[in-house]
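S.K.: Please find upload_4.txt (compact mmCIF, N, CA and C atoms) on the next line:
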```txt
# COMPACT_ATOMS: atom_id res chain seq x y z
N MET A 1 10.03 -7.69 -4.96
CA MET A 1 9.20 -6.68 -4.33
C MET A 1 9.78 -5.30 -4.68
N ASP A 2 8.93 -4.41 -5.12
CA ASP A 2 9.33 -3.05 -5.44
C ASP A 2 9.18 -2.19 -4.19
N LEU A 3 10.29 -1.67 -3.68
CA LEU A 3 10.27 -0.91 -2.44
C LEU A 3 10.25 0.59 -2.74
N PRO A 4 9.22 1.30 -2.29
CA PRO A 4 9.13 2.75 -2.55
C PRO A 4 10.08 3.53 -1.66
N ASP A 5 10.61 4.63 -2.19
CA ASP A 5 11.48 5.50 -1.41
C ASP A 5 10.76 6.73 -0.90
N ASN A 6 9.52 6.92 -1.32
CA ASN A 6 8.79 8.15 -0.98
C ASN A 6 7.93 8.02 0.27
N ARG A 7 8.08 6.92 1.00
CA ARG A 7 7.34 6.75 2.25
C ARG A 7 8.14 5.83 3.16
N LEU A 8 7.76 5.79 4.43
CA LEU A 8 8.43 4.91 5.38
C LEU A 8 8.11 3.45 5.07
N TRP A 9 9.08 2.59 5.30
CA TRP A 9 8.89 1.16 5.05
C TRP A 9 8.26 0.48 6.25
N THR A 10 7.48 -0.56 5.96
CA THR A 10 6.92 -1.40 7.01
C THR A 10 8.00 -2.37 7.50
N VAL A 11 7.69 -3.11 8.53
CA VAL A 11 8.62 -4.12 9.04
C VAL A 11 8.87 -5.18 7.96
N GLU A 12 7.82 -5.57 7.26
CA GLU A 12 7.95 -6.59 6.23
C GLU A 12 8.85 -6.11 5.08
N GLU A 13 8.68 -4.86 4.66
CA GLU A 13 9.50 -4.32 3.57
C GLU A 13 10.96 -4.20 3.99
N THR A 14 11.18 -3.77 5.22
CA THR A 14 12.55 -3.63 5.73
C THR A 14 13.22 -5.00 5.85
N ALA A 15 12.47 -5.97 6.34
CA ALA A 15 13.01 -7.33 6.45
C ALA A 15 13.37 -7.88 5.08
N TYR A 16 12.54 -7.61 4.09
CA TYR A 16 12.82 -8.05 2.71
C TYR A 16 14.11 -7.41 2.21
N PHE A 17 14.25 -6.10 2.42
CA PHE A 17 15.44 -5.39 1.95
C PHE A 17 16.70 -5.93 2.60
N LEU A 18 16.65 -6.16 3.92
CA LEU A 18 17.82 -6.62 4.65
C LEU A 18 18.01 -8.13 4.58
N ASN A 19 17.03 -8.83 4.03
CA ASN A 19 17.08 -10.28 3.90
C ASN A 19 17.21 -10.95 5.28
N VAL A 20 16.39 -10.48 6.22
CA VAL A 20 16.33 -11.07 7.56
C VAL A 20 14.87 -11.34 7.90
N PRO A 21 14.60 -12.25 8.83
CA PRO A 21 13.21 -12.48 9.26
C PRO A 21 12.64 -11.26 9.97
N VAL A 22 11.34 -11.07 9.89
CA VAL A 22 10.65 -9.98 10.57
C VAL A 22 10.95 -10.04 12.06
N LYS A 23 10.97 -11.22 12.62
CA LYS A 23 11.24 -11.39 14.05
C LYS A 23 12.58 -10.79 14.44
N THR A 24 13.56 -10.85 13.55
CA THR A 24 14.87 -10.27 13.83
C THR A 24 14.78 -8.77 14.03
N LEU A 25 13.97 -8.09 13.22
CA LEU A 25 13.81 -6.64 13.38
C LEU A 25 13.19 -6.30 14.73
N TYR A 26 12.21 -7.08 15.15
CA TYR A 26 11.61 -6.85 16.47
C TYR A 26 12.62 -7.10 17.59
N GLN A 27 13.45 -8.13 17.43
CA GLN A 27 14.47 -8.41 18.44
C GLN A 27 15.50 -7.29 18.48
N TRP A 28 15.94 -6.81 17.32
CA TRP A 28 16.90 -5.72 17.27
C TRP A 28 16.35 -4.48 17.96
N LYS A 29 15.07 -4.17 17.73
CA LYS A 29 14.47 -3.00 18.37
C LYS A 29 14.48 -3.18 19.89
N TRP A 30 14.11 -4.35 20.35
CA TRP A 30 14.06 -4.64 21.78
C TRP A 30 15.45 -4.53 22.41
N LEU A 31 16.48 -4.95 21.67
CA LEU A 31 17.85 -4.91 22.16
C LEU A 31 18.51 -3.54 21.94
N GLY A 32 17.84 -2.64 21.22
CA GLY A 32 18.41 -1.33 20.92
C GLY A 32 19.45 -1.39 19.81
N GLU A 33 19.34 -2.38 18.95
CA GLU A 33 20.27 -2.57 17.84
C GLU A 33 19.51 -2.39 16.53
N GLY A 34 20.20 -2.61 15.43
CA GLY A 34 19.54 -2.57 14.13
C GLY A 34 19.37 -1.16 13.60
N PRO A 35 18.68 -1.05 12.47
CA PRO A 35 18.48 0.27 11.85
C PRO A 35 17.54 1.13 12.68
N PRO A 36 17.65 2.46 12.53
CA PRO A 36 16.76 3.36 13.27
C PRO A 36 15.30 3.07 12.93
N VAL A 37 14.46 3.10 13.94
CA VAL A 37 13.05 2.76 13.75
C VAL A 37 12.17 3.79 14.44
N ARG A 38 11.00 4.03 13.86
CA ARG A 38 10.01 4.92 14.47
C ARG A 38 8.78 4.10 14.80
N LYS A 39 8.15 4.45 15.89
CA LYS A 39 6.90 3.79 16.25
C LYS A 39 5.76 4.77 16.00
N LEU A 40 4.87 4.41 15.10
CA LEU A 40 3.70 5.23 14.78
C LEU A 40 2.47 4.46 15.27
N GLY A 41 1.94 4.91 16.41
CA GLY A 41 0.87 4.14 17.02
C GLY A 41 1.44 2.82 17.51
N ARG A 42 0.89 1.74 17.01
CA ARG A 42 1.43 0.42 17.38
C ARG A 42 2.27 -0.20 16.26
N HIS A 43 2.57 0.59 15.24
CA HIS A 43 3.30 0.09 14.08
C HIS A 43 4.72 0.64 14.04
N LEU A 44 5.66 -0.20 13.62
CA LEU A 44 7.04 0.22 13.42
C LEU A 44 7.22 0.63 11.98
N ARG A 45 7.95 1.72 11.77
CA ARG A 45 8.23 2.21 10.42
C ARG A 45 9.70 2.57 10.32
N TYR A 46 10.26 2.36 9.13
CA TYR A 46 11.68 2.58 8.88
C TYR A 46 11.86 3.56 7.72
N ASN A 47 12.79 4.50 7.90
CA ASN A 47 13.14 5.43 6.83
C ASN A 47 14.07 4.70 5.86
N PRO A 48 13.70 4.61 4.57
CA PRO A 48 14.52 3.85 3.62
C PRO A 48 15.97 4.32 3.56
N SER A 49 16.20 5.63 3.56
CA SER A 49 17.58 6.11 3.47
C SER A 49 18.38 5.77 4.73
N ALA A 50 17.73 5.79 5.91
CA ALA A 50 18.41 5.42 7.15
C ALA A 50 18.73 3.93 7.18
N VAL A 51 17.84 3.12 6.64
CA VAL A 51 18.08 1.67 6.58
C VAL A 51 19.26 1.38 5.66
N ARG A 52 19.29 2.05 4.51
CA ARG A 52 20.40 1.85 3.57
C ARG A 52 21.72 2.29 4.20
N ALA A 53 21.71 3.43 4.89
CA ALA A 53 22.94 3.92 5.53
C ALA A 53 23.39 2.96 6.62
N TRP A 54 22.46 2.40 7.38
CA TRP A 54 22.80 1.46 8.43
C TRP A 54 23.36 0.16 7.83
N ALA A 55 22.78 -0.26 6.72
CA ALA A 55 23.20 -1.53 6.10
C ALA A 55 24.56 -1.42 5.43
N GLU A 56 24.96 -0.21 5.06
CA GLU A 56 26.24 -0.01 4.38
C GLU A 56 27.05 1.06 5.11
N PRO A 57 27.52 0.78 6.33
CA PRO A 57 28.22 1.80 7.11
C PRO A 57 29.53 2.26 6.49
N GLU A 58 30.18 1.40 5.71
CA GLU A 58 31.44 1.79 5.10
C GLU A 58 31.26 2.91 4.08
N ALA A 59 30.05 3.08 3.54
CA ALA A 59 29.80 4.15 2.59
C ALA A 59 29.86 5.51 3.28
N GLN A 60 29.58 5.57 4.59
CA GLN A 60 29.62 6.82 5.33
C GLN A 60 31.04 7.27 5.64
N VAL A 61 31.98 6.33 5.72
CA VAL A 61 33.35 6.64 6.08
C VAL A 61 34.05 7.41 4.98
N ALA A 62 33.73 7.10 3.75
CA ALA A 62 34.40 7.72 2.59
C ALA A 62 34.02 9.13 2.44
```
Would you mind giving the structure from this file in structure tokens?

M.R.:
Amino acid sequence: MDLPDNRLWTVEETAYFLNVPVKTLYQWKWLGEGPPVRKLGRHLRYNPSAVRAWAEPEAQVA
């Protein structure tokens, strides 16, 4: 799957990138965990750069 960087990712695209089930992203949101998420109407959207930063926290330390 080719993931665009010029727009917010859907739940499905984010799940693909993180290699987790879509249900996991919904659970993380409910628990207040996981990558930062925005709710647009009834849809969840993820900023690609924020997801990458969350997935690789050690890159921020350097």

S.K.: Here is a test: counting only C-alpha atoms, which residue of A:Lys29, A:Leu44, A:Glu58, A:Ala50 is nearest to Val11 in chain A?

M.R.: A:Leu44

S.K.: Considering only C-alpha atoms, state which residue in the set A:Arg42, A:Asn47, A:Trp28, A:Glu33 is at the smallest distance from Glu13 in chain A.

M.R.: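 Nearest to Glu13 in chain A: A:Asn47.
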
S.K.: How would you write, as a PyMOL selection string, the set of residues in chain A that DSSP gives as helix (DSSP H, G or I)?

M.R.: chain A and resi 11-18+22-31+48-55+58-61

S.K.: To one decimal place, how far is atom C of Leu3 in chain A from atom N of Ala55 in chain A in Å?

M.R.: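 Taking atom C of Leu3 in chain A as the start and atom N of Ala55 in chain A as the end point, the length is 15.7 Å.
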
S.K.: Select from range 8-62 of chain A everything DSSP, run on the backbone, classes as strand (DSSP E or B), then give the selection as a list in words.

M.R.: Trp9, Arg38, Lys39, Leu40, His43, Leu44, Arg45 and Tyr46 of chain A

S.K.: Which is closer to Thr14 in chain A than all the others in A:Arg38, A:Asp2, A:Tyr26, A:Val51, using only C-alpha atoms?

M.R.: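 Looking at the shortest contact to Thr14 in chain A, the residue is A:Val51.
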
S.K.: Enter the distance from CA of Arg52 in chain A to CA of Leu8 in chain A, in Å, rounded to one decimal.

M.R.: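 Result for CA of Arg52 in chain A versus CA of Leu8 in chain A: 12.5 Å, one decimal.
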
S.K.: Mind working out the centre and edge lengths of an axis-aligned box for range 48-60 of chain A, all listed atoms inside, 4 Å added to each side, rounded to one decimal in Å and written as AutoDock Vina command-line options?

M.R.:
```
--center_x 22.6 --center_y 2.9 --center_z 5.5 --size_x 25.7 --size_y 16.8 --size_z 13.8
```

S.K.: Which residue is closest to Trp9 in chain A? Choose from A:Pro57, A:Lys23, A:Leu31, A:Lys39 and count only C-alpha atoms.

M.R.: A:Lys39

S.K.: What is the atom C of Trp54 in chain A to CA of Leu40 in chain A distance in Å?

M.R.: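 According to the coordinates, atom C of Trp54 in chain A and CA of Leu40 in chain A are separated by 21.5 Å.
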
S.K.: Which residues are near Val22 in chain A? Cut-off 7 Å, all atoms listed in the file, ignore same chain within fewer than 5 positions. Put them as a PyMOL selection string.

M.R.: chain A and resi 11-12+15-16+27

S.K.: Ranking A:Ala53, A:Pro48, A:Val37, A:Trp30 by minimum distance to Phe17 in chain A and counting only C-alpha atoms, which one comes first?

M.R.: A:Pro48
